[in-house]
Amino acid sequence: MTTLDHKIDFAVVLSVTKANPNGDPLNGNRPRQNYDGYGEISDVALKRKIRNRLQDMGESIFVQSNDRRSDSYSSLRERADANAELAKILKSKTSSSDEFARIACREWLDVRSFGQVFAFKADKGAGVSVGVRGPVSIHTATSIDPIDITSMQITKSVNSEPGAARGSDTMGMKHRVDSGVYVFYGSINTQLAEKTGFTHQDAEKLKQALVTLFENDASSARPEGSMEVHTVYWWEHNSKLGQYSSAKVHRSLTIEKLVEEPKSFTDYKFTVQPLEGLKVESIHGK
């Protein structure tokens with residue numbers, strides 16, 4: 001497999017219908033908003049979904065959520081220790097940071113994509129503190145227009161513990177975005193790809209993960225079909241540095257409102273302004 005030798009930029013258009021795309025735990029789990037009222041989905045949440053999709057595709061993932069673990073390890077340290085080469089480095093008196101990073105990047109796709117900080121205490125050895133910078137960067141997703149958040153009160157009417165008397169109802173709140181269209185952007189840096197060993201094949205896997213981002217992602221906050229990827233725009237430059245800056249490429253995606261108060265994806269028109277010598281691939285969500 002050959003290391004990626006040309007810069008890639010991408011953009012993803014997605015919609016939310018009666019769902020909470022990314023709750024803020026510091027704000028009662030309400031959908032995230034900026035101070036201007038625009039909805040947001042954090043880059044961390046997007047990377048989590050990408051990791052989940054890559055894991056569904058059979059890829060080896062280092063940072064796995066507990067409810068989707070494909071192995072028996074309950075911590076990152078245990079997962080690292082399970083690799084014989086990494087375990088040997090962790091137990092050695094003089095750890096090799098470069099060698100540790102090389103092995104980790106080879107072993108796990110998310111490490112060579114997004115990077116990772118390995119900070120493990122000494123266990124009869126020197127321990128390790130290694131930072132890997134990944135080539136794939138992703139922006140926070142932001143809604144095209146300000147969002148309206150609907151809140152409803154819910155109750156729990158079942159006893160959690162056995163007892164003779166029925167417990168009083170427990171009150172709670174549930175929040176959702178009735179409708180919203182979000183866009184997020186990203187890039188793949190070739191200099192960092194060379195360091196982590198990120199390949200052309202890895203880029204294709206990332207593209208597929210973006211197209212199918214919300215498959216197998218249903219929950220009470222995000223019912224099946226409430227989150228949808230409509231289009232992934234994928235620009236592949238012809239050089240390591242690219243013909244244009246990522247900012248200029250991302251700005252080439254223009255958005256026009258077709259109605260005064262847009263409510264859905266079809267109420268917008270998306271156009272990619274041509275950049276000389278740079279082609280764009282538009283992949284529609286499944």
# chains A, B, ... in the order shown; residues from 1 in each chain; ligands from 1
call {"tool": "select_by_dssp", "arguments": {"residues": "region 5-73 of chain A", "states": "strand (DSSP E or B)", "output": "mmCIF file with N, CA, C and O atoms, in the first residue's frame"}}
result
data_model
loop_
_atom_site.group_PDB
_atom_site.id
_atom_site.type_symbol
_atom_site.label_atom_id
_atom_site.label_comp_id
_atom_site.auth_asym_id
_atom_site.auth_seq_id
_atom_site.Cartn_x
_atom_site.Cartn_y
_atom_site.Cartn_z
ATOM 1 N N ILE A 8 -5.852 16.211 0.076
ATOM 2 C CA ILE A 8 -7.282 15.992 -0.136
ATOM 3 C C ILE A 8 -8.057 16.942 0.769
ATOM 4 O O ILE A 8 -7.713 17.121 1.948
ATOM 5 N N ASP A 9 -9.086 17.561 0.213
ATOM 6 C CA ASP A 9 -10.037 18.348 0.997
ATOM 7 C C ASP A 9 -11.420 17.728 0.822
ATOM 8 O O ASP A 9 -11.704 17.095 -0.199
ATOM 9 N N PHE A 10 -12.283 17.926 1.807
ATOM 10 C CA PHE A 10 -13.637 17.387 1.679
ATOM 11 C C PHE A 10 -14.627 18.242 2.456
ATOM 12 O O PHE A 10 -14.261 19.035 3.342
ATOM 13 N N ALA A 11 -15.896 18.096 2.089
ATOM 14 C CA ALA A 11 -17.000 18.762 2.779
ATOM 15 C C ALA A 11 -18.167 17.787 2.828
ATOM 16 O O ALA A 11 -18.361 16.986 1.910
ATOM 17 N N VAL A 12 -18.934 17.862 3.907
ATOM 18 C CA VAL A 12 -20.065 16.949 4.094
ATOM 19 C C VAL A 12 -21.311 17.764 4.437
ATOM 20 O O VAL A 12 -21.276 18.616 5.339
ATOM 21 N N VAL A 13 -22.392 17.515 3.708
ATOM 22 C CA VAL A 13 -23.682 18.164 3.969
ATOM 23 C C VAL A 13 -24.613 17.127 4.581
ATOM 24 O O VAL A 13 -24.816 16.046 4.007
ATOM 25 N N LEU A 14 -25.183 17.440 5.738
ATOM 26 C CA LEU A 14 -26.056 16.490 6.430
ATOM 27 C C LEU A 14 -27.274 17.217 6.974
ATOM 28 O O LEU A 14 -27.269 18.443 7.139
ATOM 29 N N SER A 15 -28.314 16.460 7.240
ATOM 30 C CA SER A 15 -29.534 17.063 7.775
ATOM 31 C C SER A 15 -29.953 16.358 9.057
ATOM 32 O O SER A 15 -29.629 15.188 9.291
ATOM 33 N N VAL A 16 -30.684 17.109 9.891
ATOM 34 C CA VAL A 16 -31.206 16.612 11.167
ATOM 35 C C VAL A 16 -32.708 16.842 11.168
ATOM 36 O O VAL A 16 -33.178 17.942 10.872
ATOM 37 N N THR A 17 -33.467 15.795 11.494
ATOM 38 C CA THR A 17 -34.919 15.908 11.559
ATOM 39 C C THR A 17 -35.415 15.296 12.859
ATOM 40 O O THR A 17 -35.306 14.080 13.071
ATOM 41 N N LYS A 18 -35.894 16.141 13.762
ATOM 42 C CA LYS A 18 -36.418 15.703 15.056
ATOM 43 C C LYS A 18 -35.432 14.792 15.782
ATOM 44 O O LYS A 18 -35.754 13.660 16.148
ATOM 45 N N ALA A 19 -34.229 15.310 15.979
ATOM 46 C CA ALA A 19 -33.187 14.544 16.655
ATOM 47 C C ALA A 19 -32.260 15.499 17.392
ATOM 48 O O ALA A 19 -32.251 16.710 17.135
ATOM 49 N N GLY A 23 -25.633 16.429 21.965
ATOM 50 C CA GLY A 23 -26.043 17.096 23.191
ATOM 51 C C GLY A 23 -24.862 17.666 23.964
ATOM 52 O O GLY A 23 -23.761 17.117 23.946
ATOM 53 N N ASP A 24 -25.112 18.776 24.648
ATOM 54 C CA ASP A 24 -24.097 19.421 25.477
ATOM 55 C C ASP A 24 -24.321 19.007 26.930
ATOM 56 O O ASP A 24 -25.297 19.423 27.555
ATOM 57 N N ARG A 30 -28.881 19.679 25.956
ATOM 58 C CA ARG A 30 -29.529 20.354 24.833
ATOM 59 C C ARG A 30 -28.618 20.300 23.614
ATOM 60 O O ARG A 30 -27.384 20.263 23.745
ATOM 61 N N PRO A 31 -29.188 20.280 22.398
ATOM 62 C CA PRO A 31 -28.351 20.326 21.190
ATOM 63 C C PRO A 31 -27.407 21.523 21.234
ATOM 64 O O PRO A 31 -27.794 22.612 21.651
ATOM 65 N N GLN A 33 -25.364 24.751 20.456
ATOM 66 C CA GLN A 33 -25.576 25.985 19.696
ATOM 67 C C GLN A 33 -24.444 26.948 19.996
ATOM 68 O O GLN A 33 -23.895 26.958 21.104
ATOM 69 N N TYR A 38 -26.712 29.246 15.884
ATOM 70 C CA TYR A 38 -26.465 28.205 14.890
ATOM 71 C C TYR A 38 -26.134 26.880 15.595
ATOM 72 O O TYR A 38 -25.397 26.863 16.585
ATOM 73 N N GLY A 39 -26.673 25.800 15.069
ATOM 74 C CA GLY A 39 -26.402 24.495 15.652
ATOM 75 C C GLY A 39 -24.989 24.025 15.360
ATOM 76 O O GLY A 39 -24.401 24.386 14.337
ATOM 77 N N GLU A 40 -24.452 23.225 16.260
ATOM 78 C CA GLU A 40 -23.097 22.698 16.105
ATOM 79 C C GLU A 40 -23.047 21.216 16.456
ATOM 80 O O GLU A 40 -23.800 20.737 17.311
ATOM 81 N N ILE A 41 -22.152 20.515 15.777
ATOM 82 C CA ILE A 41 -21.781 19.140 16.134
ATOM 83 C C ILE A 41 -20.267 19.152 16.270
ATOM 84 O O ILE A 41 -19.560 19.519 15.328
#
call {"tool": "select_by_dssp", "arguments": {"residues": "region 132-226 of chain A", "states": "alpha helix (DSSP H)", "output": "PyMOL selection string"}}
result
chain A and resi 190-196+200-211
call {"tool": "write_last_selection", "arguments": {"atoms": "C-alpha atoms", "output": "PDB file, in the first residue's frame"}}
result
ATOM      1  CA  THR A 190       0.332  14.619   3.106  1.00  0.00           C
ATOM      2  CA  GLN A 191       3.305  15.563   5.297  1.00  0.00           C
ATOM      3  CA  LEU A 192       1.604  14.044   8.333  1.00  0.00           C
ATOM      4  CA  ALA A 193       0.367  11.124   6.211  1.00  0.00           C
ATOM      5  CA  GLU A 194       4.002  10.262   5.487  1.00  0.00           C
ATOM      6  CA  LYS A 195       4.779  10.203   9.201  1.00  0.00           C
ATOM      7  CA  THR A 196       1.849   7.977  10.195  1.00  0.00           C
ATOM      8  CA  HIS A 200      -4.530   5.941  -0.526  1.00  0.00           C
ATOM      9  CA  GLN A 201      -6.589   2.970   0.663  1.00  0.00           C
ATOM     10  CA  ASP A 202      -7.084   4.607   4.054  1.00  0.00           C
ATOM     11  CA  ALA A 203      -8.392   7.736   2.327  1.00  0.00           C
ATOM     12  CA  GLU A 204     -10.931   5.660   0.404  1.00  0.00           C
ATOM     13  CA  LYS A 205     -12.084   4.032   3.657  1.00  0.00           C
ATOM     14  CA  LEU A 206     -12.487   7.461   5.232  1.00  0.00           C
ATOM     15  CA  LYS A 207     -14.557   8.610   2.245  1.00  0.00           C
ATOM     16  CA  GLN A 208     -16.842   5.598   2.597  1.00  0.00           C
ATOM     17  CA  ALA A 209     -17.200   6.232   6.336  1.00  0.00           C
ATOM     18  CA  LEU A 210     -18.271   9.827   5.644  1.00  0.00           C
ATOM     19  CA  VAL A 211     -20.876   8.755   3.088  1.00  0.00           C
TER      20      VAL A 211
END
call {"tool": "closest_residue", "arguments": {"among": "A:Asn29, A:Asn22, A:Ser92, A:Gln64", "to": "Arg79 (chain A)", "atoms": "only C-alpha atoms"}}
result
A:Gln64
call {"tool": "atom_distance", "arguments": {"atom1": "CA of Ser245 (chain A)", "atom2": "CA of Leu278 (chain A)"}}
result
11.7 Å
call {"tool": "closest_residue", "arguments": {"among": "A:Asp43, A:Asn66, A:Gly131, A:Ser75", "to": "Phe100 (chain A)", "atoms": "only C-alpha atoms"}}
result
A:Gly131
call {"tool": "atom_distance", "arguments": {"atom1": "CA of Ile255 (chain A)", "atom2": "CA of Glu215 (chain A)"}}
result
25.8 Å
call {"tool": "closest_residue", "arguments": {"among": "A:Leu54, A:Val63, A:Leu4, A:Ile154", "to": "Leu213 (chain A)", "atoms": "only C-alpha atoms"}}
result
A:Leu54
call {"tool": "residues_around", "arguments": {"residues": "Arg51 (chain A)", "least_positions_apart": "5", "cutoff": "10 Å", "atoms": "only C-alpha atoms", "output": "PyMOL selection string"}}
result
chain A and resi 45-46+56-57+59-65+109-110+113-114+206+209+213
call {"tool": "atom_distance", "arguments": {"atom1": "CA of Ser74 (chain A)", "atom2": "CA of Phe120 (chain A)"}}
result
14.8 Å
call {"tool": "closest_residue", "arguments": {"among": "A:Ser70, A:Leu90, A:Asp98, A:Asn189", "to": "Ser239 (chain A)", "atoms": "only C-alpha atoms"}}
result
A:Asn189
call {"tool": "residues_around", "arguments": {"residues": "His6 (chain A)", "least_positions_apart": "5", "cutoff": "9 Å", "atoms": "only C-alpha atoms", "output": "MDAnalysis selection string"}}
result
chainID A and resid 188:190 236:242
call {"tool": "residues_around", "arguments": {"residues": "Glu85 (chain A)", "least_positions_apart": "3", "cutoff": "8 Å", "atoms": "only C-alpha atoms", "output": "list in words"}}
result
Lys88, Ile89 and Ile103 of chain A
